[in-house]
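*Asks:* File model.cif follows (mmCIF, C-alpha atoms):
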```
data_structure
loop_
_atom_site.label_atom_id
_atom_site.label_comp_id
_atom_site.auth_asym_id
_atom_site.auth_seq_id
_atom_site.Cartn_x
_atom_site.Cartn_y
_atom_site.Cartn_z
CA MET A 1 0.00 0.00 0.00
CA GLU A 2 1.28 3.44 -0.92
CA PHE A 3 0.90 5.99 1.86
CA ASN A 4 0.31 9.66 1.30
CA ALA A 5 2.54 12.03 3.20
CA SER A 6 0.01 14.26 4.83
CA SER A 7 -1.97 12.01 7.15
CA PRO A 8 -0.80 9.54 9.80
CA ILE A 9 -0.18 6.02 8.59
CA TRP A 10 -2.43 4.48 11.26
CA MET A 11 -5.29 6.56 9.90
CA GLN A 12 -4.68 5.44 6.32
CA VAL A 13 -4.56 1.76 7.27
CA THR A 14 -7.67 2.19 9.46
CA THR A 15 -9.56 3.69 6.51
CA ARG A 16 -8.48 0.80 4.29
CA ILE A 17 -9.77 -1.76 6.81
CA LYS A 18 -13.04 0.15 7.25
CA THR A 19 -13.53 0.11 3.48
CA ASP A 20 -13.02 -3.65 3.51
CA MET A 21 -15.66 -3.95 6.23
CA VAL A 22 -18.18 -1.86 4.32
CA THR A 23 -17.67 -3.73 1.06
CA GLY A 24 -17.89 -7.11 2.77
CA ARG A 25 -14.34 -8.16 2.03
CA LEU A 26 -14.09 -8.34 5.81
CA PRO A 27 -17.51 -9.71 6.84
CA PRO A 28 -19.00 -9.44 10.37
CA GLY A 29 -17.23 -11.79 12.77
CA ALA A 30 -14.16 -12.19 10.50
CA LYS A 31 -10.89 -12.68 12.30
CA LEU A 32 -8.31 -10.01 11.58
CA PRO A 33 -4.57 -10.77 11.44
CA GLY A 34 -2.55 -10.42 14.64
CA GLY A 35 -0.76 -7.13 15.26
CA ARG A 36 2.56 -8.29 13.87
CA ASP A 37 0.92 -9.88 10.81
CA LEU A 38 -0.96 -6.66 10.15
CA ALA A 39 2.37 -4.82 10.39
CA LEU A 40 3.89 -7.24 7.87
CA GLN A 41 0.87 -7.09 5.55
CA TYR A 42 1.07 -3.30 5.24
CA THR A 43 4.83 -3.01 5.91
CA ILE A 44 4.23 -0.72 8.86
CA ASN A 45 5.68 -0.33 12.33
CA PRO A 46 4.18 -2.82 14.86
CA ASN A 47 3.23 0.08 17.17
CA THR A 48 1.32 1.64 14.28
CA ALA A 49 -0.47 -1.68 13.71
CA ALA A 50 -1.44 -1.80 17.40
CA ARG A 51 -2.76 1.75 17.12
CA VAL A 52 -4.95 0.73 14.15
CA TYR A 53 -6.68 -1.94 16.25
CA GLN A 54 -7.04 0.41 19.24
CA GLU A 55 -8.76 2.99 17.05
CA LEU A 56 -11.05 0.40 15.44
CA GLU A 57 -11.93 -0.90 18.90
CA LYS A 58 -12.63 2.61 20.18
CA GLU A 59 -15.08 3.07 17.30
CA GLY A 60 -16.79 -0.21 18.15
CA LEU A 61 -15.82 -1.78 14.83
CA VAL A 62 -13.71 -4.62 16.16
CA GLU A 63 -13.69 -6.70 19.28
CA ILE A 64 -10.34 -7.59 20.80
CA ARG A 65 -10.74 -10.92 22.60
CA ARG A 66 -7.84 -11.49 24.97
CA GLY A 67 -5.66 -14.35 23.82
CA MET A 68 -7.99 -15.05 20.90
CA GLY A 69 -7.47 -12.24 18.43
CA THR A 70 -9.28 -9.34 16.88
CA TYR A 71 -12.66 -9.80 15.18
CA VAL A 72 -14.92 -7.60 13.04
CA THR A 73 -17.99 -6.56 15.02
CA GLU A 74 -21.05 -8.75 14.56
CA THR A 75 -23.42 -5.84 15.18
CA PRO A 76 -25.00 -5.10 11.76
CA GLU A 77 -26.20 -1.65 12.91
CA ARG A 78 -22.61 -0.59 13.62
CA LEU A 79 -21.47 -1.63 10.13
CA GLU A 80 -24.48 0.09 8.56
CA ALA A 81 -23.60 3.27 10.49
CA LEU A 82 -19.99 2.99 9.28
CA ARG A 83 -21.17 2.74 5.69
CA SER A 84 -23.23 5.85 6.17
CA GLU A 85 -20.31 7.72 7.84
CA MET A 86 -18.01 6.83 4.97
CA ALA A 87 -20.60 7.90 2.41
CA CYS A 88 -20.88 11.27 4.19
CA GLU A 89 -17.11 11.65 4.07
CA ALA A 90 -17.07 10.87 0.35
CA MET A 91 -19.81 13.45 -0.29
CA GLU A 92 -18.07 16.10 1.79
CA ASP A 93 -14.92 15.35 -0.13
CA TYR A 94 -16.74 15.84 -3.43
CA LEU A 95 -18.35 19.09 -2.30
CA GLU A 96 -15.02 20.44 -1.04
CA ARG A 97 -13.29 19.68 -4.31
CA MET A 98 -16.09 21.28 -6.29
CA ALA A 99 -15.95 24.34 -4.01
CA ALA A 100 -12.22 24.57 -4.74
CA LEU A 101 -13.16 24.71 -8.44
CA GLY A 102 -15.60 27.55 -7.74
CA PHE A 103 -18.91 25.63 -7.73
CA SER A 104 -21.51 26.43 -5.08
CA ARG A 105 -23.05 23.52 -3.15
CA ALA A 106 -26.27 23.85 -5.16
CA GLU A 107 -24.34 23.81 -8.44
CA ALA A 108 -22.30 20.82 -7.33
CA ILE A 109 -25.47 18.90 -6.47
CA THR A 110 -27.09 19.83 -9.80
CA ARG A 111 -23.97 18.64 -11.65
CA ILE A 112 -24.21 15.27 -9.98
CA SER A 113 -27.83 14.73 -11.05
CA GLN A 114 -27.01 15.94 -14.58
CA GLU A 115 -24.14 13.43 -14.75
CA ASP A 116 -26.56 10.76 -13.59
CA GLU A 117 -29.08 11.63 -16.35
CA HIS A 118 -26.28 11.49 -18.94
CA ALA A 119 -25.19 8.13 -17.66
CA GLN A 120 -28.73 6.76 -17.94
CA GLU A 121 -29.25 7.95 -21.51
CA MET B 1 17.61 1.93 26.99
CA LEU B 2 20.37 3.66 25.00
CA ARG B 3 21.34 7.20 25.86
CA SER B 4 24.13 9.52 24.82
CA GLU B 5 25.16 12.47 26.96
CA GLU B 6 27.14 15.35 25.47
CA LEU B 7 28.62 12.76 23.14
CA THR B 8 31.43 14.18 21.04
CA LYS B 9 33.94 12.70 18.61
CA ALA B 10 36.56 14.78 16.87
CA PHE B 11 38.88 13.57 14.14
CA GLY B 12 41.57 16.24 14.05
CA ALA B 13 39.91 19.54 13.24
CA LYS B 14 36.67 17.87 12.17
CA THR B 15 33.98 17.24 14.77
CA ALA B 16 32.01 14.22 13.52
CA VAL B 17 29.64 14.09 16.50
CA ASP B 18 29.10 17.28 18.44
CA HIS B 19 27.64 17.21 21.99
CA VAL B 20 24.74 14.91 21.12
CA ASN B 21 22.19 14.22 23.84
CA LEU B 22 19.89 11.46 22.70
CA ARG B 23 17.67 9.00 24.53
CA LEU B 24 16.31 5.95 22.69
CA GLU B 25 13.75 3.68 24.30
CA ALA B 26 12.92 0.02 23.79
CA GLY B 27 9.82 -0.86 21.81
CA HIS B 28 10.62 1.42 18.91
CA ILE B 29 12.06 1.31 15.43
CA CYS B 30 14.01 4.51 15.16
CA ALA B 31 15.37 6.05 11.97
CA MET B 32 18.60 8.02 12.25
CA LEU B 33 18.62 10.41 9.34
CA GLY B 34 20.99 12.84 7.74
CA PRO B 35 23.16 13.21 4.65
CA ASN B 36 26.50 11.42 4.41
CA GLY B 37 28.91 12.87 6.90
CA SER B 38 26.30 14.04 9.38
CA GLY B 39 27.62 11.77 12.14
CA LYS B 40 25.28 8.77 12.00
CA THR B 41 27.95 6.11 11.63
CA THR B 42 30.24 7.68 14.23
CA TRP B 43 27.38 7.90 16.75
CA MET B 44 26.53 4.23 16.16
CA LYS B 45 30.13 3.08 16.43
CA MET B 46 30.48 4.80 19.78
CA ALA B 47 27.18 3.31 20.96
CA ALA B 48 28.41 -0.11 19.83
CA GLY B 49 31.52 0.41 21.95
CA LEU B 50 33.75 0.17 18.89
CA CYS B 51 35.22 3.63 19.07
CA LYS B 52 35.92 5.87 22.03
CA PRO B 53 34.28 9.28 22.37
CA THR B 54 36.50 12.34 22.58
CA SER B 55 34.18 13.42 25.37
CA GLY B 56 30.75 12.49 26.67
CA THR B 57 29.30 9.04 27.31
CA VAL B 58 26.89 6.51 25.86
CA TYR B 59 24.88 4.54 28.42
CA PHE B 60 23.19 1.20 27.80
CA GLU B 61 20.63 0.34 30.48
CA GLY B 62 22.30 2.89 32.75
CA GLU B 63 25.89 1.64 32.38
CA PRO B 64 28.52 3.18 30.10
CA VAL B 65 28.93 1.06 26.96
CA GLY B 66 32.00 -1.15 26.72
CA VAL B 67 32.92 -4.80 26.46
CA ASN B 68 29.86 -5.91 28.46
CA SER B 69 27.30 -4.03 26.40
CA ARG B 70 28.62 -5.59 23.19
CA ALA B 71 26.94 -8.84 24.25
CA SER B 72 23.55 -7.09 24.03
CA ILE B 73 24.05 -4.62 21.20
CA ALA B 74 24.26 -5.95 17.65
CA TYR B 75 25.78 -3.52 15.21
CA MET B 76 25.87 -3.88 11.44
CA SER B 77 28.44 -1.60 9.85
CA THR B 78 28.39 -0.40 6.26
CA GLU B 79 31.70 -2.08 5.40
CA PRO B 80 31.65 -5.75 4.40
CA TYR B 81 33.40 -7.68 7.16
CA PHE B 82 33.42 -11.32 6.16
CA TYR B 83 36.55 -13.19 5.11
CA THR B 84 36.34 -13.87 1.39
CA TRP B 85 37.02 -17.61 1.76
CA MET B 86 33.97 -18.06 3.99
CA THR B 87 30.69 -19.56 2.84
CA LEU B 88 27.52 -18.10 4.35
CA LYS B 89 27.42 -21.16 6.59
CA ASP B 90 30.92 -20.30 7.87
CA VAL B 91 29.80 -16.74 8.50
CA GLY B 92 27.06 -18.09 10.75
CA ARG B 93 29.48 -20.32 12.68
CA TYR B 94 31.92 -17.43 13.04
CA TYR B 95 29.16 -15.30 14.54
CA GLY B 96 28.09 -18.16 16.78
CA ASP B 97 31.61 -18.29 18.22
CA PHE B 98 31.54 -14.61 19.09
CA PHE B 99 28.04 -14.03 20.38
CA ALA B 100 26.15 -16.06 22.97
CA ASP B 101 22.81 -14.65 21.77
CA TYR B 102 23.34 -15.90 18.20
CA SER B 103 20.80 -18.43 16.87
CA ALA B 104 21.78 -20.69 13.97
CA GLU B 105 18.13 -21.52 13.38
CA ARG B 106 17.13 -17.88 13.13
CA TYR B 107 20.04 -17.30 10.73
CA ARG B 108 18.80 -20.11 8.45
CA GLU B 109 15.27 -18.68 8.51
CA LEU B 110 16.56 -15.26 7.52
CA LEU B 111 18.74 -16.68 4.72
CA ASP B 112 15.64 -18.52 3.44
CA ARG B 113 13.59 -15.35 3.56
CA PHE B 114 16.31 -13.56 1.59
CA GLU B 115 16.67 -16.51 -0.83
CA LEU B 116 20.34 -17.02 -0.04
CA GLU B 117 21.95 -20.48 -0.03
CA GLU B 118 24.20 -21.38 2.91
CA GLY B 119 26.80 -22.82 0.56
CA LEU B 120 27.47 -19.54 -1.25
CA LYS B 121 31.01 -18.19 -0.95
CA THR B 122 31.04 -14.62 0.29
CA LYS B 123 33.45 -13.53 -2.44
CA THR B 124 30.89 -14.51 -5.10
CA LEU B 125 28.08 -12.44 -3.59
CA SER B 126 26.66 -9.45 -5.46
CA SER B 127 26.45 -6.24 -3.43
CA GLY B 128 22.74 -6.81 -2.85
CA MET B 129 23.31 -10.40 -1.66
CA MET B 130 26.10 -9.22 0.63
CA ALA B 131 23.85 -6.58 2.13
CA LYS B 132 21.17 -9.20 2.84
CA ALA B 133 23.71 -11.61 4.34
CA LYS B 134 24.96 -8.92 6.71
CA ILE B 135 21.43 -8.19 7.87
CA ALA B 136 20.64 -11.91 8.29
CA VAL B 137 23.65 -12.56 10.50
CA THR B 138 23.03 -9.41 12.56
CA LEU B 139 19.34 -10.11 13.14
CA ALA B 140 20.19 -13.75 13.95
CA ARG B 141 21.40 -12.45 17.29
CA ASP B 142 18.76 -12.16 20.00
CA ALA B 143 20.21 -8.79 20.96
CA LYS B 144 18.44 -6.10 22.97
CA VAL B 145 19.53 -3.38 20.58
CA TRP B 146 20.11 -3.76 16.86
CA MET B 147 21.84 -0.93 15.06
CA LEU B 148 21.80 -1.22 11.29
CA ASP B 149 23.93 1.26 9.42
CA GLU B 150 22.47 1.87 5.95
CA PRO B 151 20.54 -1.42 5.64
CA PHE B 152 18.99 -0.49 2.26
CA ASN B 153 22.10 0.62 0.42
CA GLY B 154 22.70 -1.15 -2.88
CA ILE B 155 19.59 -3.28 -2.52
CA ASP B 156 16.83 -3.60 -5.12
CA LEU B 157 13.19 -2.85 -4.44
CA VAL B 158 12.02 -6.44 -3.88
CA ALA B 159 14.89 -7.25 -1.53
CA ARG B 160 14.18 -4.04 0.40
CA ASP B 161 10.69 -5.31 1.11
CA ARG B 162 12.12 -8.62 2.42
CA ILE B 163 14.47 -6.65 4.68
CA LYS B 164 11.67 -4.47 5.98
CA GLU B 165 9.69 -7.62 6.82
CA ALA B 166 12.67 -9.03 8.70
CA ILE B 167 13.00 -5.77 10.65
CA ILE B 168 9.27 -5.68 11.49
CA SER B 169 9.45 -9.30 12.64
CA ALA B 170 12.41 -8.55 14.91
CA ALA B 171 10.75 -5.56 16.60
CA ALA B 172 9.37 -6.21 20.09
CA PRO B 173 8.39 -4.18 23.17
CA ASP B 174 11.73 -4.95 24.89
CA LYS B 175 13.94 -4.37 21.83
CA LEU B 176 15.30 -1.28 20.18
CA LEU B 177 16.02 -1.08 16.47
CA LEU B 178 18.01 1.84 15.20
CA MET B 179 18.61 2.23 11.47
CA SER B 180 20.53 4.91 9.72
CA SER B 181 19.82 5.85 6.16
CA HIS B 182 19.78 8.63 3.68
CA LEU B 183 17.05 6.70 1.82
CA VAL B 184 14.34 8.40 3.84
CA GLU B 185 11.32 7.03 1.97
CA GLU B 186 12.37 3.50 2.88
CA MET B 187 12.12 4.33 6.58
CA GLU B 188 8.84 6.19 6.37
CA SER B 189 6.38 3.43 7.20
CA ILE B 190 8.44 1.04 9.31
CA ALA B 191 10.03 3.48 11.74
CA ASP B 192 7.92 5.18 14.41
CA ARG B 193 10.59 7.62 15.61
CA ALA B 194 13.09 9.67 13.68
CA VAL B 195 16.16 11.62 14.72
CA PHE B 196 17.82 14.10 12.40
CA LEU B 197 21.55 14.79 12.56
CA ARG B 198 23.32 17.58 10.76
CA LYS B 199 27.04 18.29 10.84
CA GLY B 200 27.37 16.13 13.94
CA LYS B 201 24.60 17.87 15.86
CA LEU B 202 21.21 16.54 16.83
CA ILE B 203 18.71 18.78 15.05
CA LYS B 204 15.35 17.20 15.79
CA GLU B 205 13.62 14.14 17.24
CA VAL B 206 10.09 13.28 16.14
CA ASP B 207 7.35 10.75 16.59
CA ILE B 208 6.60 10.12 12.92
CA ASP B 209 2.81 9.70 13.02
CA THR B 210 2.39 12.60 15.48
CA GLU B 211 4.41 14.77 13.13
CA ARG B 212 2.16 13.79 10.22
CA ALA B 213 -0.97 14.47 12.25
CA GLU B 214 0.21 17.84 13.57
CA THR B 215 2.05 19.31 10.61
CA GLY B 216 0.88 17.24 7.63
CA CYS B 217 4.56 16.52 6.97
CA SER B 218 6.09 13.15 6.24
CA ILE B 219 9.68 12.58 7.35
CA ALA B 220 10.71 12.97 3.72
CA ASP B 221 9.14 16.46 3.76
CA GLU B 222 10.89 17.18 7.05
CA TYR B 223 14.16 15.92 5.62
CA ARG B 224 13.86 18.24 2.62
CA ARG B 225 13.06 21.15 4.92
CA ILE B 226 16.09 20.49 7.15
CA TYR B 227 18.65 19.61 4.51
CA GLY B 228 17.19 21.27 1.43
CA GLY B 229 19.82 22.71 -0.85
CA GLN B 230 22.60 21.35 1.30
CA GLU B 231 25.30 19.38 -0.45
CA GLU B 232 26.82 16.29 1.12
CA GLU B 233 29.11 17.08 3.97
CA ASP B 234 32.70 15.93 4.18
CA ALA B 235 32.77 12.44 5.63
#
```
Using C-alpha cells, write down the structure from this file.

*Replies:*
Amino acid sequence: MEFNASSPIWMQVTTRIKTDMVTGRLPPGAKLPGGRDLALQYTINPNTAARVYQELEKEGLVEIRRGMGTYVTETPERLEALRSEMACEAMEDYLERMAALGFSRAEAITRISQEDEHAQE
Amino acid sequence: MLRSEELTKAFGAKTAVDHVNLRLEAGHICAMLGPNGSGKTTWMKMAAGLCKPTSGTVYFEGEPVGVNSRASIAYMSTEPYFYTWMTLKDVGRYYGDFFADYSAERYRELLDRFELEEGLKTKTLSSGMMAKAKIAVTLARDAKVWMLDEPFNGIDLVARDRIKEAIISAAAPDKLLLMSSHLVEEMESIADRAVFLRKGKLIKEVDIDTERAETGCSIADEYRRIYGGQEEEDA
C-alpha cells in the first residue's frame, strides 16, 4: 500500500480496513490478522499496527478478545452506520473539491444529477 | 535503553559528533537520518563500543557502553566484514563463536527469507546479496539493541521489502532497532521515531505519526526542509 505524506499512517490503514468492512471483504465476525501480521501485511511499524486496532476498537468496529485475536464486530447496525459515515465523508470530499473549483453547493449537487441523467441515456 | 550524553567525537579539526544528547527507548524502530557525513555512523560506532568518544558518554541500560554491552548490542556496519574464503554457513558459525545470543536456526530462517543459499562463498556475492547476508547474521542475534547502518544501500526494491519484513518481525516491546539511512522514503512506514543529525549535531527528534498528524509533513518532507539545498558534507 502506498501511503500519502500528509496524514498519519495508522489513519490510512484504518480507513483501508473500514472500506473492507463496508464492502464485505471483511464480513462481520471475520478474524483479523494479529498485530505483527498486520504490520507485515502493510509493511508498517508494529506500534502503528497496534494503534490501528485500538482505534477500530474505540469506534466499536472490532472486538479484541484477549488471547484469541481481533474480530470484526457482529453488530450489523454498527457496520451500517460505518457505511453511512463513509458515504458522508465521500460526499463532503466531493463538495469540497467542487468548491475549490468555484462551484456552489447547489451547483455541485445539480452537476451530480445531470451526470446521472447522462449516464442513464 | 540507549542514551548519549554530550557525546562528542573529533577527528583532528573535524567534529564528527558534536555534543549529542539522545535517549532511545525500547519498543521502537528509530530512523537516524541525515546526509553522508552528518555523524550517524560515528554515533553508532560509539554506541556499539567500537570507538571511544573524545568526550561524553553513551549509556546502555544505565551503564557506560563497553565490552559488556557488546553482548547485548548488535551492530551492522556499512563495510563488508566477512573473510572472502567463507561460505555463508561459515559466516554463521563465526558469529556463533563470538556471540552467545546468536541463533543458527534464526540465521537459516533469515537466509531462506532472503533466498540465499548457505553454501554460497562470500566472495561470489553481489552487493545486494552481501547486504542481505549482513542483515541476516546481525538479526540472527537475539540482541536487545540492533543498530543497522544503511541497511537499504545497494539493494533492489524487492529485496528491500524482504528486509523491511525481517525488521518488522524482529521488533518487540523490549527491543530497540536503530537504522541509519539517507534513503528516507524507505524508513517512512516502518520506523515510528526519527532523529535528524546535521554536521554532527542533533537537530530534531520526532514521533513520525504525530508529526504527520500535527504538521501534515512526512519525514521525507521534514528531511527536505532540514537539509534542502545542502550538499553532502565531508565524511

*Asks:* What does the structure give for the distance between atom CA of B:Pro35 and atom CA of A:Ala5, in Å to one decimal?

*Replies:*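 Atom CA of B:Pro35 sits 20.7 Å away from atom CA of A:Ala5.
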
*Asks:* Can I get the residues of chain B within 8 Å of chain A, each with the closest pair of atoms and their distance in Å to one decimal, using only C-alpha atoms, sorted chain first then ascending number, as a tab-separated table?

*Replies:*
```
residue	atom	partner	partner_atom	distance
B:His28	CA	A:Asn47	CA	7.7
B:Ile29	CA	A:Asn45	CA	7.3
B:Asp161	CA	A:Thr43	CA	7.9
B:Lys164	CA	A:Thr43	CA	7.0
B:Glu165	CA	A:Leu40	CA	5.9
B:Ile168	CA	A:Asn45	CA	6.5
B:Ser169	CA	A:Arg36	CA	7.1
B:Ala171	CA	A:Pro46	CA	7.3
B:Ser189	CA	A:Ile44	CA	5.0
B:Ile190	CA	A:Asn45	CA	4.3
B:Ala191	CA	A:Asn45	CA	5.8
B:Asp192	CA	A:Asn45	CA	6.3
B:Asp209	CA	A:Pro8	CA	4.8
B:Thr210	CA	A:Pro8	CA	7.2
B:Arg212	CA	A:Pro8	CA	5.2
B:Ala213	CA	A:Pro8	CA	5.5
B:Thr215	CA	A:Ser6	CA	7.9
B:Gly216	CA	A:Ser6	CA	4.2
B:Cys217	CA	A:Ser6	CA	5.5
B:Ser218	CA	A:Ala5	CA	4.8
B:Asp221	CA	A:Ala5	CA	8.0
```

*Asks:* For B:Ser77, which residue among B:Phe98, B:Trp43, B:Tyr223, B:Phe196 is the nearest when counting only C-alpha atoms?

*Replies:*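 Using only C-alpha atoms, B:Ser77 sits closest to B:Trp43.
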
*Asks:* What is the atom CA of B:Tyr95 to atom CA of B:Thr42 distance in Å?

*Replies:* 23.0 Å

*Asks:* Given the PyMOL selection byres ((chain B and resi 49) around 9) and the file above, list the residues it selects as an MDAnalysis selection string.

*Replies:* chainID B and resid 44:48 50:52 58 65:67 69:70

*Asks:* Any chance you could export the current selection's C-alpha atoms as an mmCIF file, in the coordinates of the input?

*Replies:*
```
data_model
loop_
_atom_site.group_PDB
_atom_site.id
_atom_site.type_symbol
_atom_site.label_atom_id
_atom_site.label_comp_id
_atom_site.auth_asym_id
_atom_site.auth_seq_id
_atom_site.Cartn_x
_atom_site.Cartn_y
_atom_site.Cartn_z
ATOM 1 C CA MET B 44 26.530 4.230 16.160
ATOM 2 C CA LYS B 45 30.130 3.080 16.430
ATOM 3 C CA MET B 46 30.480 4.800 19.780
ATOM 4 C CA ALA B 47 27.180 3.310 20.960
ATOM 5 C CA ALA B 48 28.410 -0.110 19.830
ATOM 6 C CA LEU B 50 33.750 0.170 18.890
ATOM 7 C CA CYS B 51 35.220 3.630 19.070
ATOM 8 C CA LYS B 52 35.920 5.870 22.030
ATOM 9 C CA VAL B 58 26.890 6.510 25.860
ATOM 10 C CA VAL B 65 28.930 1.060 26.960
ATOM 11 C CA GLY B 66 32.000 -1.150 26.720
ATOM 12 C CA VAL B 67 32.920 -4.800 26.460
ATOM 13 C CA SER B 69 27.300 -4.030 26.400
ATOM 14 C CA ARG B 70 28.620 -5.590 23.190
#
```

*Asks:* In Å, how far is it from atom CA of A:Pro27 to atom CA of A:Glu59?

*Replies:*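 Taking atom CA of A:Pro27 as the start and atom CA of A:Glu59 as the end point, the length is 16.7 Å.
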
*Asks:* For the PyMOL selection byres ((chain A and resi 84-100) around 12), applied here, can you spell out every residue it catches as number ranges by chain?

*Replies:* A: 15-16, 18-23, 59, 77-83, 101-112

*Asks:* For each of B:Thr57, B:Leu2, B:Val206, B:Phe11, take the minimum atom-to-atom distance to B:Ala26, counting all atoms listed in the file, then give the residue where this is smallest.

*Replies:*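 Once distances to B:Ala26 are computed over all atoms listed in the file, the minimum belongs to B:Leu2.
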
*Asks:* Give, as AutoDock Vina command-line options, the centre coordinates and the x, y and z edge lengths in Å to one decimal for an axis-aligned box around all listed atoms of stretch 6-23 of chain B, padded by 5 Å on each side.

*Replies:*
```
--center_x 29.6 --center_y 14.3 --center_z 18.8 --size_x 33.9 --size_y 20.5 --size_z 23.3
```

*Asks:* Which residue is closest to B:Lys199? Choose from B:Leu22, B:Met1, B:Leu110, B:Ala10 and count all atoms listed in the file.

*Replies:*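 Between B:Leu22, B:Met1, B:Leu110, B:Ala10, the residue approaching B:Lys199 most closely is B:Ala10.
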
*Asks:* Between A:Gly29, A:Gly24, A:Gly35, A:Gly60, single out the one closest to A:Glu74, counting only C-alpha atoms.

*Replies:*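 Comparing A:Gly29, A:Gly24, A:Gly35, A:Gly60 against A:Glu74, the winner is A:Gly29.
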
*Asks:* Given the file above and the PyMOL selection byres ((chain B and resi 118-132) around 12), which residues are selected, and can you give them as a ChimeraX atom specification?

*Replies:* /B:76-93,104,107-117,133-139,148-164,166-167

*Asks:* Env of A:Met68: 12 Å cut, atoms = all atoms listed in the file, seq-sep filter 6 positions within chain, self excluded. Answer as a PyMOL selection string.

*Replies:* chain A and resi 31-34

*Asks:* Restricting the calculation to only C-alpha atoms: of B:Leu202, B:Ile208, B:Ala172, B:Ala100, which residue gets closest to B:Leu7?

*Replies:*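 Residue with the minimum atom-to-atom distance to B:Leu7: B:Leu202.
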
*Asks:* Every residue with an atom at most 12 Å from (-13.3, -9.5, 19.3) (file coordinates; all atoms listed in the file) is what I'm after, so could you write them as a short mmCIF file (atom, residue, chain, number, x, y, z; two decimals) with C-alpha atoms, in the frame of the given file?

*Replies:*
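The file below, point_5.cif, is the result:
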```cif
data_model
loop_
_atom_site.label_atom_id
_atom_site.label_comp_id
_atom_site.auth_asym_id
_atom_site.auth_seq_id
_atom_site.Cartn_x
_atom_site.Cartn_y
_atom_site.Cartn_z
CA PRO A 28 -19.00 -9.44 10.37
CA GLY A 29 -17.23 -11.79 12.77
CA ALA A 30 -14.16 -12.19 10.50
CA LYS A 31 -10.89 -12.68 12.30
CA LEU A 32 -8.31 -10.01 11.58
CA PRO A 33 -4.57 -10.77 11.44
CA GLY A 34 -2.55 -10.42 14.64
CA TYR A 53 -6.68 -1.94 16.25
CA GLN A 54 -7.04 0.41 19.24
CA LEU A 56 -11.05 0.40 15.44
CA GLU A 57 -11.93 -0.90 18.90
CA GLY A 60 -16.79 -0.21 18.15
CA LEU A 61 -15.82 -1.78 14.83
CA VAL A 62 -13.71 -4.62 16.16
CA GLU A 63 -13.69 -6.70 19.28
CA ILE A 64 -10.34 -7.59 20.80
CA ARG A 65 -10.74 -10.92 22.60
CA ARG A 66 -7.84 -11.49 24.97
CA GLY A 67 -5.66 -14.35 23.82
CA MET A 68 -7.99 -15.05 20.90
CA GLY A 69 -7.47 -12.24 18.43
CA THR A 70 -9.28 -9.34 16.88
CA TYR A 71 -12.66 -9.80 15.18
CA VAL A 72 -14.92 -7.60 13.04
CA THR A 73 -17.99 -6.56 15.02
CA GLU A 74 -21.05 -8.75 14.56
CA THR A 75 -23.42 -5.84 15.18
#
```

*Asks:* Please identify all polymer residues within 8 Å of B:Met32, counting only C-alpha atoms, omitting same-chain residues fewer than 5 positions from it, and present them as an NGL selection string.

*Replies:* :B and (40 or 178-181 or 194-197)

*Asks:* Can you spit out stretch 77-90 of chain B with N, CA and C atoms, as an mmCIF file, in the first residue's frame, from the structure just given?

*Replies:*
```
data_model
loop_
_atom_site.group_PDB
_atom_site.id
_atom_site.type_symbol
_atom_site.label_atom_id
_atom_site.label_comp_id
_atom_site.auth_asym_id
_atom_site.auth_seq_id
_atom_site.Cartn_x
_atom_site.Cartn_y
_atom_site.Cartn_z
ATOM 1 N N SER B 77 27.768 -2.757 10.450
ATOM 2 C CA SER B 77 28.443 -1.603 9.850
ATOM 3 C C SER B 77 28.211 -1.579 8.346
ATOM 4 N N THR B 78 28.583 -0.493 7.712
ATOM 5 C CA THR B 78 28.391 -0.405 6.261
ATOM 6 C C THR B 78 29.449 -1.216 5.510
ATOM 7 N N GLU B 79 30.638 -1.346 6.103
ATOM 8 C CA GLU B 79 31.703 -2.081 5.402
ATOM 9 C C GLU B 79 31.404 -3.577 5.428
ATOM 10 N N PRO B 80 31.773 -4.300 4.339
ATOM 11 C CA PRO B 80 31.655 -5.755 4.405
ATOM 12 C C PRO B 80 32.743 -6.287 5.344
ATOM 13 N N TYR B 81 32.397 -7.259 6.177
ATOM 14 C CA TYR B 81 33.398 -7.683 7.158
ATOM 15 C C TYR B 81 33.526 -9.198 7.251
ATOM 16 N N PHE B 82 33.235 -9.874 6.145
ATOM 17 C CA PHE B 82 33.423 -11.323 6.159
ATOM 18 C C PHE B 82 34.714 -11.662 5.426
ATOM 19 N N TYR B 83 35.386 -12.714 5.875
ATOM 20 C CA TYR B 83 36.548 -13.185 5.113
ATOM 21 C C TYR B 83 36.061 -13.752 3.786
ATOM 22 N N THR B 84 36.817 -13.500 2.729
ATOM 23 C CA THR B 84 36.344 -13.869 1.388
ATOM 24 C C THR B 84 36.257 -15.381 1.184
ATOM 25 N N TRP B 85 37.057 -16.149 1.942
ATOM 26 C CA TRP B 85 37.018 -17.608 1.758
ATOM 27 C C TRP B 85 35.808 -18.254 2.424
ATOM 28 N N MET B 86 35.083 -17.478 3.229
ATOM 29 C CA MET B 86 33.969 -18.056 3.986
ATOM 30 C C MET B 86 32.743 -18.309 3.101
ATOM 31 N N THR B 87 32.032 -19.396 3.404
ATOM 32 C CA THR B 87 30.689 -19.555 2.841
ATOM 33 C C THR B 87 29.739 -18.873 3.830
ATOM 34 N N LEU B 88 28.481 -18.716 3.429
ATOM 35 C CA LEU B 88 27.523 -18.095 4.352
ATOM 36 C C LEU B 88 27.348 -18.955 5.598
ATOM 37 N N LYS B 89 27.519 -20.272 5.430
ATOM 38 C CA LYS B 89 27.425 -21.159 6.586
ATOM 39 C C LYS B 89 28.566 -20.863 7.568
ATOM 40 N N ASP B 90 29.766 -20.657 7.021
ATOM 41 C CA ASP B 90 30.919 -20.303 7.869
ATOM 42 C C ASP B 90 30.681 -18.986 8.604
#
```
